[in-house]
Amino acid sequence: MFLRILRSGLGLVLSASALLLASSAWGSPPGALTEREKALHVLNRLAFGPRPGDVDRVLRIGIRPWIEAQLRPESLPDSQLPARLASLETLSMAQSEIFDRFEKPLREARERRKLAAAAASPTVNGEAQASGAGNDAREDMARLPPEQRPRRLVAELATAKVLRAAFSERQLNEVMVDFWMNHFNVYAAKGLDRVLLTSFERDTIRPRIWGRFEDLLLATAKSPAMLFYLDNARSVADPEHRPAARRSFRREPSPASAGTPETARAAKGGLNENYARELMELHTLGVDGGYTQKDVTELARVLTGWSMERAASGEFTFRPRAHDAGSKTVLGHVFAAGGMDEGEAMIRILARHPATARHLARKLCERLVSDDPPDALIARVAARSLASGGDLRETVRAVVESSEFFDPAFFQAKVKSPFEYVVSAVRASGSSTDAGRPLLKQIEQMGEPLYLCQPPTGYSDAAAAWVNSGAIVARLNFALALASNRIPGTDVDLSRLLSPAESEDPARAADALARGLLGRDLSPETRSTIARRLQERAAAGEGAEASPLSLVAALVIGSPEFQRQ
Amino acid sequence: MLLKSGGLALVAGGFLPRVFVRMAGAARPASRRVLVAVFQRGAVDGLNVVVPHGEKLYYDARPSIAVPRPGAGAGAALDLDGFFGLHPSLAPVLPLFRDGSAAFIHAAGSPDTTRSHFDAQDFMESGTPGVKSTPDGFLARAVAQRTVEKPSPLRSVAIAPTMPRILTGPAGAISMTSVAAFGIRGGTASGPASASFESMYGDAVSGSLSATAHESFEALRILKSAGSETRAPQNGAEYPKTPFGASLRQIALLIQSDVGLEVAFTDVGGWDTHAGEGGSQGQLGNRLRAYGQAIAAFARDLGSRMGDVTLVTMSEFGRTVRENGNRGTDHGHANVMLLLGGGVKGGKVYGRWPGLDASHLYENRDLAVTTDFRDVFAELLTKRLAVTSLERVFPGYTVDPRKSLGAIA
């Protein structure tokens, strides 16, 4: 009914003129935020943007009570979510089952290949077998049916991440899972990590993000995913520091060799500093946290022997014979000849360090408040974190209860990351989605392939990383594709965003749709652009292939204001 | 003989001897010149890329991952000058060195002592080692120093999903993953949709978003009229099917389309070989194979146009001289850089070799830096792109012409 009216030239001109004439307040509000703006703000920052009706819902509940409930996600019913995730079978598979189903077949294929190659042409030192390893491994993979390839694990993780962000009621929980997964970034395409990430997110990160930071940190330190990603699983004491009875050590299977032929030969092992460095630079103290190269090496020595089982589950194990038996000094803390306990002690020291509190406070404020958060805010959040013994709920609370959180200067001041942008558009438009490959590809094209950030830094939370021309073009293309239902697996029904009264009144329809998507008034520039476009469209007699509603939706979702949160 | 048969275009299928590369470059105005910078992210092991096979200590330090001396059979280094040799996986690059269009600079790098990938990359891209507050990238500042008639919005392009630090700056740059992916796709309504977006972003309500979008729309128009999307590689060039191969192809495409490109940047990862790096064979060998093929394909694709184009590679730091316990290497200091194309006085390994004996190692573990990467870029920028205000490109650093390697004509 509404569409028919809007298709007539008269309706279009009417609605266009209404858009042109109506004026709206826009831009940074001068005084304090209104309650409505605050509701929108919490939905943008502590959730993945408003769904239709969400702003009113938050206002009804009250902003503080809404935040408080979000801070206690276990108190929020989330009954719809399990059904949405049900088809993603690997999410609930035990680590050992994942290993058996996705890693073992490839290992067995590799073993068979090696035996066959050895039978065909014995080589001097095995180099010849290693040479084509990449190609052969790809062929092994290609022989597997797609549902048995490890790629499925990462695909299901990415799909689940989008579904949870789009549809979970525990929005802040999903925001913080994203934050901590990014803080403790693990790159899914690094060898074995593809079969370890499912458990890493489910068993290591998710259960601990509202607890104490040191417990979260220690859990990541013992997670096979991190041990493998940052090579600690391969790090063993230098020969002169190995414990006395270690003659058989060379024959002990090297855990992290986890099958690669060239590393299996390197079972003799040696110190690897990779994890020790990132543990201090990225996970705790921050790059200016006051440690030296010497501290990195010493910490790496402390952590020698923290490794993983090679066979079956790939679970954490401490290898006493790989552990450095000498005395070490990290940040002035002296560890004599200890075992695993010295690593645990040092990790707790790092977790409780004031520099760590500052580093985490800054990162949290960058995520939740501003790309360039005020120093005073960071200092207060860090102090609260220290005072609470690193309680992560209290630390997040310190950010959202600060006066800066609702400072008008930070309202709509952050550019959404690609993940946030896509999910917020799905939510705003009330779309249904299977979050399958086509939608995930959109996020990739904007520069943020999920679970595939290679460097341990994780993705940036600042606009500078995302605002570039290629990514902007990808965002505009996404807006066009979403609004005209051209993303397979994702369906949008824009007419549902309008009340019956608005549907009957074309003059109000475009405005209402725009408002509905954005959760607030459009900027005058965007309003007039949309109006002009509708007028031109009517004048040219365009029409059949794209409805005016989808045109308006595409322009709003692509607009500068929808890029912001 | 070449001239008799009708000009330079006819030899485009092969590798141009150095003299012709230089002639081709000289015959054209500086404005057609392009600098292509490649960042090997993750700190490539330069000692296994350009191997000091004349150093016994190299073999002592790397019992299981050294590349064998030239002539040692399969997997041996490919000799460059009697002292250095190329990793065998880089065989496709060897002809470029031999014909004088490629050179290496060894023991080059950043003077900063950090062994953090993040910091070291940041310092190298900002061009201000040790200074974190630098807001922009040094190539962006270099482009801003150039006076070009009618600068194109496509003068600085990064082939990357996000804008790299090195091209971030007020001069503006474009980043894209490919020319084909860089367009507004709205079916038959693409034109009007594009126009509407352009007008929305045109009014400066939104700072960087607006400026970025404006550049995008300009670039879109130019690329469309140049018909870049439909061009195929030239001269039978075959790029490896890797992201880096695809990136270099996109840069070649932009150059061939004459869209006003001055500086291009792309990166290639996977060099952080803490374990299983290997010698002739292993992770590094596998990475280098496709890497070398991509660079050789780029040179072939551009043919005689390579006389306008100079490619340079960098990596945030090198790797430890001694192998670690996992047939790999850890974070080190100095590294090797490659120069290729127009103006390069090739066929030579430049730089002062500091040696590998303990007393000459940096912190008793790493190859020492004897050439500051800024000196390499200073030479490239002044001689190839006529950039004069180096103090603005590298604030706080005085480029001493006496330290110039003379690697660029």
# chains A, B, ... in the order shown; residues from 1 in each chain; ligands from 1
call {"tool": "residues_around", "arguments": {"residues": "Ala358 in chain B", "least_positions_apart": "4", "cutoff": "12 Å", "atoms": "only C-alpha atoms", "output": "PDB file with C-alpha atoms, in the first residue's frame"}}
result
ATOM      1  CA  LEU B  57      80.806 -17.480  11.265  1.00  0.00           C
ATOM      2  CA  TYR B  58      77.488 -17.508   9.408  1.00  0.00           C
ATOM      3  CA  ASP B  60      78.905 -21.648  12.700  1.00  0.00           C
ATOM      4  CA  ALA B  61      75.922 -19.691  13.989  1.00  0.00           C
ATOM      5  CA  VAL B 321      72.493 -14.281  13.770  1.00  0.00           C
ATOM      6  CA  ARG B 322      72.385 -17.524  15.760  1.00  0.00           C
ATOM      7  CA  PRO B 354      79.918  -5.123   9.792  1.00  0.00           C
ATOM      8  CA  TYR B 362      74.789  -5.605  17.997  1.00  0.00           C
ATOM      9  CA  GLU B 363      74.188  -6.568  21.635  1.00  0.00           C
ATOM     10  CA  ASN B 364      76.240  -9.677  20.993  1.00  0.00           C
ATOM     11  CA  ARG B 365      73.453 -11.281  19.018  1.00  0.00           C
ATOM     12  CA  ASP B 366      72.385  -9.319  15.946  1.00  0.00           C
ATOM     13  CA  LEU B 367      73.796  -7.972  12.723  1.00  0.00           C
ATOM     14  CA  ALA B 368      74.674  -4.332  13.323  1.00  0.00           C
TER      15      ALA B 368
END
call {"tool": "residues_around", "arguments": {"residues": "Tyr350 in chain B", "least_positions_apart": "2", "cutoff": "8 Å", "atoms": "only C-alpha atoms", "output": "tab-separated table (two decimals) with N, CA and C atoms, in the first residue's frame"}}
result
chain	number	residue	atom	x	y	z
B	103	ALA	N	69.65	-4.27	-7.10
B	103	ALA	CA	70.77	-4.21	-6.16
B	103	ALA	C	70.24	-4.54	-4.77
B	104	PHE	N	71.15	-4.90	-3.88
B	104	PHE	CA	70.77	-5.10	-2.48
B	104	PHE	C	71.57	-4.18	-1.59
B	105	ILE	N	71.01	-3.87	-0.44
B	105	ILE	CA	71.75	-3.12	0.57
B	105	ILE	C	71.72	-3.97	1.83
B	106	HIS	N	72.89	-4.37	2.28
B	106	HIS	CA	72.92	-5.24	3.46
B	106	HIS	C	73.28	-4.46	4.71
B	348	LYS	N	74.95	-5.07	-7.68
B	348	LYS	CA	75.88	-4.85	-6.60
B	348	LYS	C	75.17	-4.99	-5.25
B	352	ARG	N	78.08	-1.16	4.13
B	352	ARG	CA	79.29	-1.63	4.80
B	352	ARG	C	78.94	-2.86	5.60
B	405	LEU	N	74.82	6.03	-0.51
B	405	LEU	CA	75.45	4.81	-1.02
B	405	LEU	C	75.79	4.93	-2.51
B	407	ALA	N	73.70	4.35	-4.83
B	407	ALA	CA	73.05	3.20	-5.47
B	407	ALA	C	72.04	3.63	-6.52
call {"tool": "select_by_dssp", "arguments": {"residues": "range 72-145 of chain B", "states": "helix (DSSP H, G or I)", "output": "JSON list (two decimals) with N, CA and C atoms, in the first residue's frame"}}
result
[["chain", "number", "residue", "atom", "x", "y", "z"],
["B", 88, "PRO", "N", 68.23, -19.68, -2.72],
["B", 88, "PRO", "CA", 67.88, -20.33, -3.99],
["B", 88, "PRO", "C", 66.42, -20.12, -4.40],
["B", 89, "SER", "N", 65.54, -19.89, -3.43],
["B", 89, "SER", "CA", 64.14, -19.64, -3.79],
["B", 89, "SER", "C", 63.97, -18.33, -4.55],
["B", 90, "LEU", "N", 64.99, -17.46, -4.47],
["B", 90, "LEU", "CA", 64.88, -16.17, -5.16],
["B", 90, "LEU", "C", 65.50, -16.20, -6.56],
["B", 91, "ALA", "N", 65.65, -17.40, -7.10],
["B", 91, "ALA", "CA", 66.22, -17.53, -8.44],
["B", 91, "ALA", "C", 65.56, -16.59, -9.47],
["B", 92, "PRO", "N", 64.25, -16.37, -9.42],
["B", 92, "PRO", "CA", 63.66, -15.47, -10.42],
["B", 92, "PRO", "C", 64.20, -14.04, -10.36],
["B", 93, "VAL", "N", 64.77, -13.66, -9.22],
["B", 93, "VAL", "CA", 65.29, -12.29, -9.08],
["B", 93, "VAL", "C", 66.73, -12.19, -9.59],
["B", 94, "LEU", "N", 67.41, -13.32, -9.65],
["B", 94, "LEU", "CA", 68.83, -13.31, -10.03],
["B", 94, "LEU", "C", 69.09, -12.63, -11.38],
["B", 95, "PRO", "N", 68.29, -12.94, -12.43],
["B", 95, "PRO", "CA", 68.55, -12.26, -13.71],
["B", 95, "PRO", "C", 68.46, -10.74, -13.60],
["B", 96, "LEU", "N", 67.63, -10.24, -12.71],
["B", 96, "LEU", "CA", 67.49, -8.80, -12.54],
["B", 96, "LEU", "C", 68.74, -8.20, -11.91],
["B", 97, "PHE", "N", 69.36, -8.97, -11.03],
["B", 97, "PHE", "CA", 70.62, -8.53, -10.43],
["B", 97, "PHE", "C", 71.72, -8.57, -11.48],
["B", 98, "ARG", "N", 71.74, -9.65, -12.23],
["B", 98, "ARG", "CA", 72.79, -9.84, -13.24],
["B", 98, "ARG", "C", 72.74, -8.79, -14.33],
["B", 117, "HIS", "N", 57.74, -5.89, 17.06],
["B", 117, "HIS", "CA", 57.31, -5.72, 15.67],
["B", 117, "HIS", "C", 56.52, -4.42, 15.51],
["B", 118, "PHE", "N", 55.59, -4.27, 16.44],
["B", 118, "PHE", "CA", 54.66, -3.15, 16.33],
["B", 118, "PHE", "C", 55.40, -1.82, 16.34],
["B", 119, "ASP", "N", 56.26, -1.66, 17.34],
["B", 119, "ASP", "CA", 56.99, -0.40, 17.44],
["B", 119, "ASP", "C", 57.93, -0.20, 16.27],
["B", 120, "ALA", "N", 58.64, -1.25, 15.91],
["B", 120, "ALA", "CA", 59.65, -1.11, 14.86],
["B", 120, "ALA", "C", 58.99, -0.77, 13.52],
["B", 121, "GLN", "N", 57.86, -1.40, 13.25],
["B", 121, "GLN", "CA", 57.14, -1.06, 12.01],
["B", 121, "GLN", "C", 56.65, 0.38, 12.06],
["B", 122, "ASP", "N", 56.13, 0.73, 13.23],
["B", 122, "ASP", "CA", 55.62, 2.08, 13.41],
["B", 122, "ASP", "C", 56.72, 3.12, 13.18],
["B", 123, "PHE", "N", 57.88, 2.86, 13.77],
["B", 123, "PHE", "CA", 59.00, 3.79, 13.63],
["B", 123, "PHE", "C", 59.47, 3.87, 12.18],
["B", 124, "MET", "N", 59.51, 2.75, 11.51],
["B", 124, "MET", "CA", 59.99, 2.75, 10.15],
["B", 124, "MET", "C", 59.00, 3.46, 9.24],
["B", 125, "GLU", "N", 57.73, 3.28, 9.50],
["B", 125, "GLU", "CA", 56.72, 3.92, 8.65],
["B", 125, "GLU", "C", 56.57, 5.41, 8.95],
["B", 126, "SER", "N", 56.71, 5.77, 10.23],
["B", 126, "SER", "CA", 56.64, 7.20, 10.56],
["B", 126, "SER", "C", 57.92, 7.89, 10.10],
["B", 138, "PHE", "N", 56.21, 8.78, 6.64],
["B", 138, "PHE", "CA", 57.23, 9.57, 5.93],
["B", 138, "PHE", "C", 56.99, 9.60, 4.43],
["B", 139, "LEU", "N", 56.40, 8.56, 3.86],
["B", 139, "LEU", "CA", 56.12, 8.64, 2.42],
["B", 139, "LEU", "C", 55.01, 9.65, 2.15],
["B", 140, "ALA", "N", 54.07, 9.75, 3.08],
["B", 140, "ALA", "CA", 53.03, 10.78, 2.94],
["B", 140, "ALA", "C", 53.65, 12.17, 2.97],
["B", 141, "ARG", "N", 54.62, 12.36, 3.88],
["B", 141, "ARG", "CA", 55.27, 13.67, 3.95],
["B", 141, "ARG", "C", 56.10, 13.93, 2.70],
["B", 142, "ALA", "N", 56.71, 12.88, 2.17],
["B", 142, "ALA", "CA", 57.52, 13.04, 0.97],
["B", 142, "ALA", "C", 56.65, 13.47, -0.20],
["B", 143, "VAL", "N", 55.50, 12.83, -0.35],
["B", 143, "VAL", "CA", 54.61, 13.18, -1.44],
["B", 143, "VAL", "C", 54.16, 14.63, -1.30],
["B", 144, "ALA", "N", 53.92, 15.04, -0.06],
["B", 144, "ALA", "CA", 53.47, 16.41, 0.17],
["B", 144, "ALA", "C", 54.53, 17.43, -0.23],
["B", 145, "GLN", "N", 55.81, 17.04, -0.22],
["B", 145, "GLN", "CA", 56.88, 17.96, -0.60],
["B", 145, "GLN", "C", 56.98, 18.15, -2.12]]
call {"tool": "interface_residues", "arguments": {"of": "chain B", "to": "chain A", "cutoff": "7 Å", "atoms": "only C-alpha atoms", "output": "number ranges by chain"}}
result
B: 161-163, 174-177, 182-186, 196-197, 199-201, 203, 206, 209, 212-213, 215-216, 276, 281-282, 324-327
call {"tool": "closest_atom_pairs", "arguments": {"of": "range 152-250 of chain A", "to": "range 298-320 of chain A", "cutoff": "12 Å", "atoms": "only C-alpha atoms", "output": "tab-separated table"}}
result
residue	atom	partner	partner_atom	distance
A:Leu192	CA	A:Gly314	CA	9.4
A:Asp193	CA	A:Gly314	CA	10.4
A:Val195	CA	A:Gly314	CA	9.5
A:Leu196	CA	A:Gly314	CA	8.2
A:Leu197	CA	A:Gly314	CA	11.8
A:Ser199	CA	A:Glu315	CA	10.4
A:Phe200	CA	A:Glu315	CA	11.0
A:Asp203	CA	A:Glu315	CA	12.0
A:Thr204	CA	A:Phe316	CA	11.9
A:Leu218	CA	A:Trp306	CA	11.6
A:Ala219	CA	A:Phe316	CA	10.1
A:Thr220	CA	A:Phe316	CA	10.5
A:Ala221	CA	A:Trp306	CA	8.4
A:Lys222	CA	A:Phe316	CA	5.9
A:Ser223	CA	A:Phe316	CA	6.3
A:Pro224	CA	A:Phe316	CA	5.8
A:Ala225	CA	A:Gly314	CA	9.1
A:Met226	CA	A:Ser307	CA	10.0
A:Leu227	CA	A:Ser307	CA	6.5
A:Phe228	CA	A:Met308	CA	8.2
A:Tyr229	CA	A:Ser307	CA	11.6
A:Leu230	CA	A:Ser307	CA	11.2
A:Asp231	CA	A:Ser307	CA	9.1
A:Asn232	CA	A:Ser307	CA	6.6
A:Ala233	CA	A:Ser307	CA	4.0
A:Arg234	CA	A:Ser307	CA	7.1
A:Ser235	CA	A:Thr304	CA	5.6
A:Val236	CA	A:Thr304	CA	5.0
A:Ala237	CA	A:Thr304	CA	5.9
A:Asp238	CA	A:Arg301	CA	8.6
A:Pro239	CA	A:Arg301	CA	11.9
A:His241	CA	A:Arg301	CA	9.2
A:Arg242	CA	A:Pro320	CA	9.2
A:Pro243	CA	A:Pro320	CA	8.0
A:Ala244	CA	A:Pro320	CA	10.9
A:Ala245	CA	A:Pro320	CA	10.3
A:Arg246	CA	A:Pro320	CA	9.5
A:Phe249	CA	A:Arg319	CA	10.0
call {"tool": "write_last_selection", "arguments": {"atoms": "C-alpha atoms", "output": "compact mmCIF listing (two decimals), in the first residue's frame"}}
result
# COMPACT_ATOMS: atom_id res chain seq x y z
CA LEU A 192 47.40 -25.60 14.74
CA ASP A 193 45.56 -22.55 16.05
CA VAL A 195 41.75 -26.23 15.83
CA LEU A 196 42.47 -24.48 19.13
CA LEU A 197 40.53 -21.23 18.81
CA SER A 199 38.11 -23.79 22.91
CA PHE A 200 40.18 -20.65 23.46
CA ASP A 203 36.75 -22.14 27.66
CA THR A 204 39.53 -19.59 28.21
CA LEU A 218 46.87 -16.85 33.55
CA ALA A 219 44.27 -18.83 31.65
CA THR A 220 45.48 -17.37 28.35
CA ALA A 221 49.07 -18.12 29.35
CA LYS A 222 48.11 -21.76 29.78
CA SER A 223 45.93 -21.95 26.70
CA PRO A 224 47.28 -24.11 23.89
CA ALA A 225 46.05 -21.51 21.41
CA MET A 226 48.30 -18.81 22.88
CA LEU A 227 51.16 -21.20 23.62
CA PHE A 228 51.17 -22.19 19.99
CA TYR A 229 50.48 -18.77 18.49
CA LEU A 230 53.34 -17.06 20.30
CA ASP A 231 55.66 -20.06 20.20
CA ASN A 232 56.06 -20.61 23.94
CA ALA A 233 55.13 -24.26 23.44
CA ARG A 234 58.42 -24.60 21.57
CA SER A 235 60.53 -22.67 24.02
CA VAL A 236 62.88 -24.77 26.10
CA ALA A 237 65.82 -23.87 28.28
CA ASP A 238 69.19 -23.35 26.69
CA PRO A 239 71.35 -26.47 27.20
CA HIS A 241 70.34 -24.22 32.03
CA ARG A 242 68.55 -27.51 31.66
CA PRO A 243 67.92 -29.63 34.74
CA ALA A 244 70.42 -32.39 35.44
CA ALA A 245 68.58 -35.55 34.48
CA ARG A 246 67.64 -34.65 31.03
CA PHE A 249 65.04 -34.96 26.58
call {"tool": "residues_around", "arguments": {"residues": "Asp400 in chain B", "least_positions_apart": "2", "cutoff": "12 Å", "atoms": "only C-alpha atoms", "output": "short mmCIF file (atom, residue, chain, number, x, y, z; two decimals) with C-alpha atoms, in the first residue's frame"}}
result
data_model
loop_
_atom_site.label_atom_id
_atom_site.label_comp_id
_atom_site.auth_asym_id
_atom_site.auth_seq_id
_atom_site.Cartn_x
_atom_site.Cartn_y
_atom_site.Cartn_z
CA THR B 371 73.08 1.93 6.75
CA ASP B 372 70.14 3.86 8.14
CA ARG B 374 66.38 6.82 5.97
CA ASP B 375 69.57 7.33 3.98
CA VAL B 376 68.35 4.83 1.41
CA ALA B 378 66.68 9.99 1.09
CA GLU B 379 68.64 8.96 -2.00
CA LEU B 390 64.36 16.02 3.45
CA GLU B 391 64.29 17.66 6.86
CA TYR B 397 67.44 13.55 11.17
CA THR B 398 70.15 15.20 9.16
CA ARG B 402 78.48 11.73 2.31
CA LYS B 403 76.64 8.73 3.65
CA SER B 404 74.81 8.26 0.38
CA LEU B 405 75.45 4.81 -1.02
#
call {"tool": "select_by_dssp", "arguments": {"residues": "range 276-494 of chain A", "states": "strand (DSSP E)", "output": "ChimeraX atom specification"}}
result
/A:306-308,316-318,328-330,333-335,432-433,490-491
call {"tool": "write_last_selection", "arguments": {"atoms": "N, CA and C atoms", "output": "compact mmCIF listing (two decimals), in the first residue's frame"}}
result
# COMPACT_ATOMS: atom_id res chain seq x y z
N TRP A 306 56.39 -24.31 29.72
CA TRP A 306 54.95 -24.10 29.58
C TRP A 306 54.60 -24.52 28.15
N SER A 307 53.96 -25.64 28.03
CA SER A 307 53.81 -26.21 26.70
C SER A 307 52.47 -26.93 26.56
N MET A 308 52.36 -27.73 25.54
CA MET A 308 51.08 -28.41 25.29
C MET A 308 51.33 -29.86 24.90
N PHE A 316 47.22 -28.06 27.82
CA PHE A 316 48.39 -27.47 28.48
C PHE A 316 49.15 -28.53 29.28
N THR A 317 50.44 -28.43 29.23
CA THR A 317 51.25 -29.27 30.10
C THR A 317 52.53 -28.51 30.46
N PHE A 318 53.04 -28.78 31.65
CA PHE A 318 54.32 -28.22 32.04
C PHE A 318 55.38 -29.30 31.91
N LYS A 328 66.73 -16.55 37.62
CA LYS A 328 66.34 -15.49 36.68
C LYS A 328 65.84 -14.28 37.46
N THR A 329 65.95 -13.13 36.81
CA THR A 329 65.45 -11.90 37.43
C THR A 329 64.59 -11.16 36.42
N VAL A 330 63.31 -10.99 36.75
CA VAL A 330 62.40 -10.26 35.87
C VAL A 330 61.87 -9.05 36.61
N HIS A 333 62.38 -9.01 40.21
CA HIS A 333 61.96 -10.17 40.98
C HIS A 333 62.88 -11.35 40.66
N VAL A 334 63.45 -11.92 41.71
CA VAL A 334 64.42 -13.00 41.50
C VAL A 334 63.74 -14.35 41.68
N PHE A 335 63.95 -15.21 40.72
CA PHE A 335 63.43 -16.57 40.81
C PHE A 335 64.62 -17.52 40.80
N SER A 432 17.02 -10.25 9.28
CA SER A 432 17.37 -11.59 9.73
C SER A 432 18.60 -12.00 8.94
N THR A 433 19.46 -12.78 9.56
CA THR A 433 20.66 -13.21 8.84
C THR A 433 21.16 -14.54 9.36
N THR A 490 20.95 -12.94 4.13
CA THR A 490 20.55 -11.82 4.97
C THR A 490 19.32 -11.16 4.34
N ASP A 491 18.26 -11.04 5.12
CA ASP A 491 17.01 -10.49 4.59
C ASP A 491 16.57 -9.29 5.39
call {"tool": "atom_distance", "arguments": {"atom1": "CA of Ala83 in chain A", "atom2": "CA of Trp66 in chain A"}}
result
24.6 Å
call {"tool": "closest_atom_pairs", "arguments": {"of": "range 150-204 of chain B", "to": "range 227-245 of chain B", "cutoff": "10 Å", "atoms": "only C-alpha atoms", "output": "Markdown table"}}
result
| residue | atom | partner | partner_atom | distance |
| --- | --- | --- | --- | --- |
| B:Ile159 | CA | B:Phe244 | CA | 9.5 |
| B:Ala160 | CA | B:Pro243 | CA | 9.9 |
| B:Thr177 | CA | B:Pro243 | CA | 9.5 |
| B:Ser178 | CA | B:Glu229 | CA | 9.1 |
| B:Val179 | CA | B:Glu229 | CA | 6.1 |
| B:Ala180 | CA | B:Glu229 | CA | 5.5 |
| B:Ala181 | CA | B:Glu229 | CA | 9.2 |
| B:Phe182 | CA | B:Glu229 | CA | 9.4 |
call {"tool": "write_last_selection", "arguments": {"atoms": "C-alpha atoms", "output": "mmCIF file, in the first residue's frame"}}
result
data_model
loop_
_atom_site.group_PDB
_atom_site.id
_atom_site.type_symbol
_atom_site.label_atom_id
_atom_site.label_comp_id
_atom_site.auth_asym_id
_atom_site.auth_seq_id
_atom_site.Cartn_x
_atom_site.Cartn_y
_atom_site.Cartn_z
ATOM 1 C CA ILE B 159 47.263 -1.804 -1.906
ATOM 2 C CA ALA B 160 46.061 -2.861 1.499
ATOM 3 C CA THR B 177 42.666 -4.103 -2.091
ATOM 4 C CA SER B 178 42.302 -4.110 -5.862
ATOM 5 C CA VAL B 179 41.256 -1.817 -8.664
ATOM 6 C CA ALA B 180 38.303 -4.072 -9.434
ATOM 7 C CA ALA B 181 37.031 -4.008 -5.862
ATOM 8 C CA PHE B 182 37.290 -0.230 -5.810
#
call {"tool": "residues_around", "arguments": {"residues": "Gly62 in chain A", "least_positions_apart": "4", "cutoff": "12 Å", "atoms": "only C-alpha atoms", "output": "list in words"}}
result
Glu35, Arg36, Lys38, Ala39, Val42, Asp54, Val55, Asp56, Arg57, Val58, Trp66, Ile67, Glu68 and Ala69 of chain A
call {"tool": "write_last_selection", "arguments": {"atoms": "C-alpha atoms", "output": "JSON list (two decimals), in the first residue's frame"}}
result
[["chain", "number", "residue", "atom", "x", "y", "z"],
["A", 35, "GLU", "CA", 18.01, 11.00, 28.14],
["A", 36, "ARG", "CA", 17.22, 9.85, 24.62],
["A", 38, "LYS", "CA", 22.14, 8.77, 26.45],
["A", 39, "ALA", "CA", 20.05, 5.74, 25.63],
["A", 42, "VAL", "CA", 24.80, 3.22, 25.59],
["A", 54, "ASP", "CA", 15.61, -0.32, 21.49],
["A", 55, "VAL", "CA", 16.04, 3.32, 22.43],
["A", 56, "ASP", "CA", 12.52, 3.39, 23.88],
["A", 57, "ARG", "CA", 13.13, 0.08, 25.59],
["A", 58, "VAL", "CA", 16.23, 1.40, 27.33],
["A", 66, "TRP", "CA", 19.97, -1.16, 31.82],
["A", 67, "ILE", "CA", 23.72, -0.71, 32.22],
["A", 68, "GLU", "CA", 23.69, -2.56, 35.54],
["A", 69, "ALA", "CA", 21.87, -5.51, 33.97]]
call {"tool": "closest_residue", "arguments": {"among": "A:Met181, A:Leu71, A:Leu440, A:Val369", "to": "Phe406 in chain A", "atoms": "only C-alpha atoms"}}
result
A:Val369
call {"tool": "residues_around", "arguments": {"residues": "range 332-338 of chain B", "least_positions_apart": "2", "cutoff": "9 Å", "atoms": "only C-alpha atoms", "output": "count of residues only"}}
result
44
call {"tool": "decode", "arguments": {"residues": "range 162-170 of chain B", "atoms": "N, CA and C atoms", "output": "tab-separated table (two decimals), in the first residue's frame"}}
result
chain	number	residue	atom	x	y	z
B	162	THR	N	43.65	-1.79	4.93
B	162	THR	CA	43.55	-0.59	5.77
B	162	THR	C	44.72	0.33	5.43
B	163	MET	N	44.54	1.63	5.68
B	163	MET	CA	45.60	2.57	5.31
B	163	MET	C	46.81	2.37	6.19
B	164	PRO	N	47.94	2.06	5.59
B	164	PRO	CA	49.14	1.87	6.40
B	164	PRO	C	49.66	3.20	6.91
B	165	ARG	N	50.34	3.12	8.03
B	165	ARG	CA	50.93	4.28	8.69
B	165	ARG	C	51.78	5.11	7.73
B	166	ILE	N	52.55	4.46	6.89
B	166	ILE	CA	53.56	5.13	6.06
B	166	ILE	C	52.93	6.14	5.10
B	167	LEU	N	51.67	5.91	4.70
B	167	LEU	CA	51.01	6.83	3.77
B	167	LEU	C	49.93	7.66	4.46
B	168	THR	N	49.85	7.56	5.77
B	168	THR	CA	48.88	8.36	6.50
B	168	THR	C	49.40	9.79	6.61
B	169	GLY	N	48.57	10.74	6.27
B	169	GLY	CA	49.02	12.12	6.39
B	169	GLY	C	48.11	13.07	5.69
B	170	PRO	N	48.37	14.35	5.87
B	170	PRO	CA	47.46	15.36	5.32
B	170	PRO	C	47.43	15.38	3.79
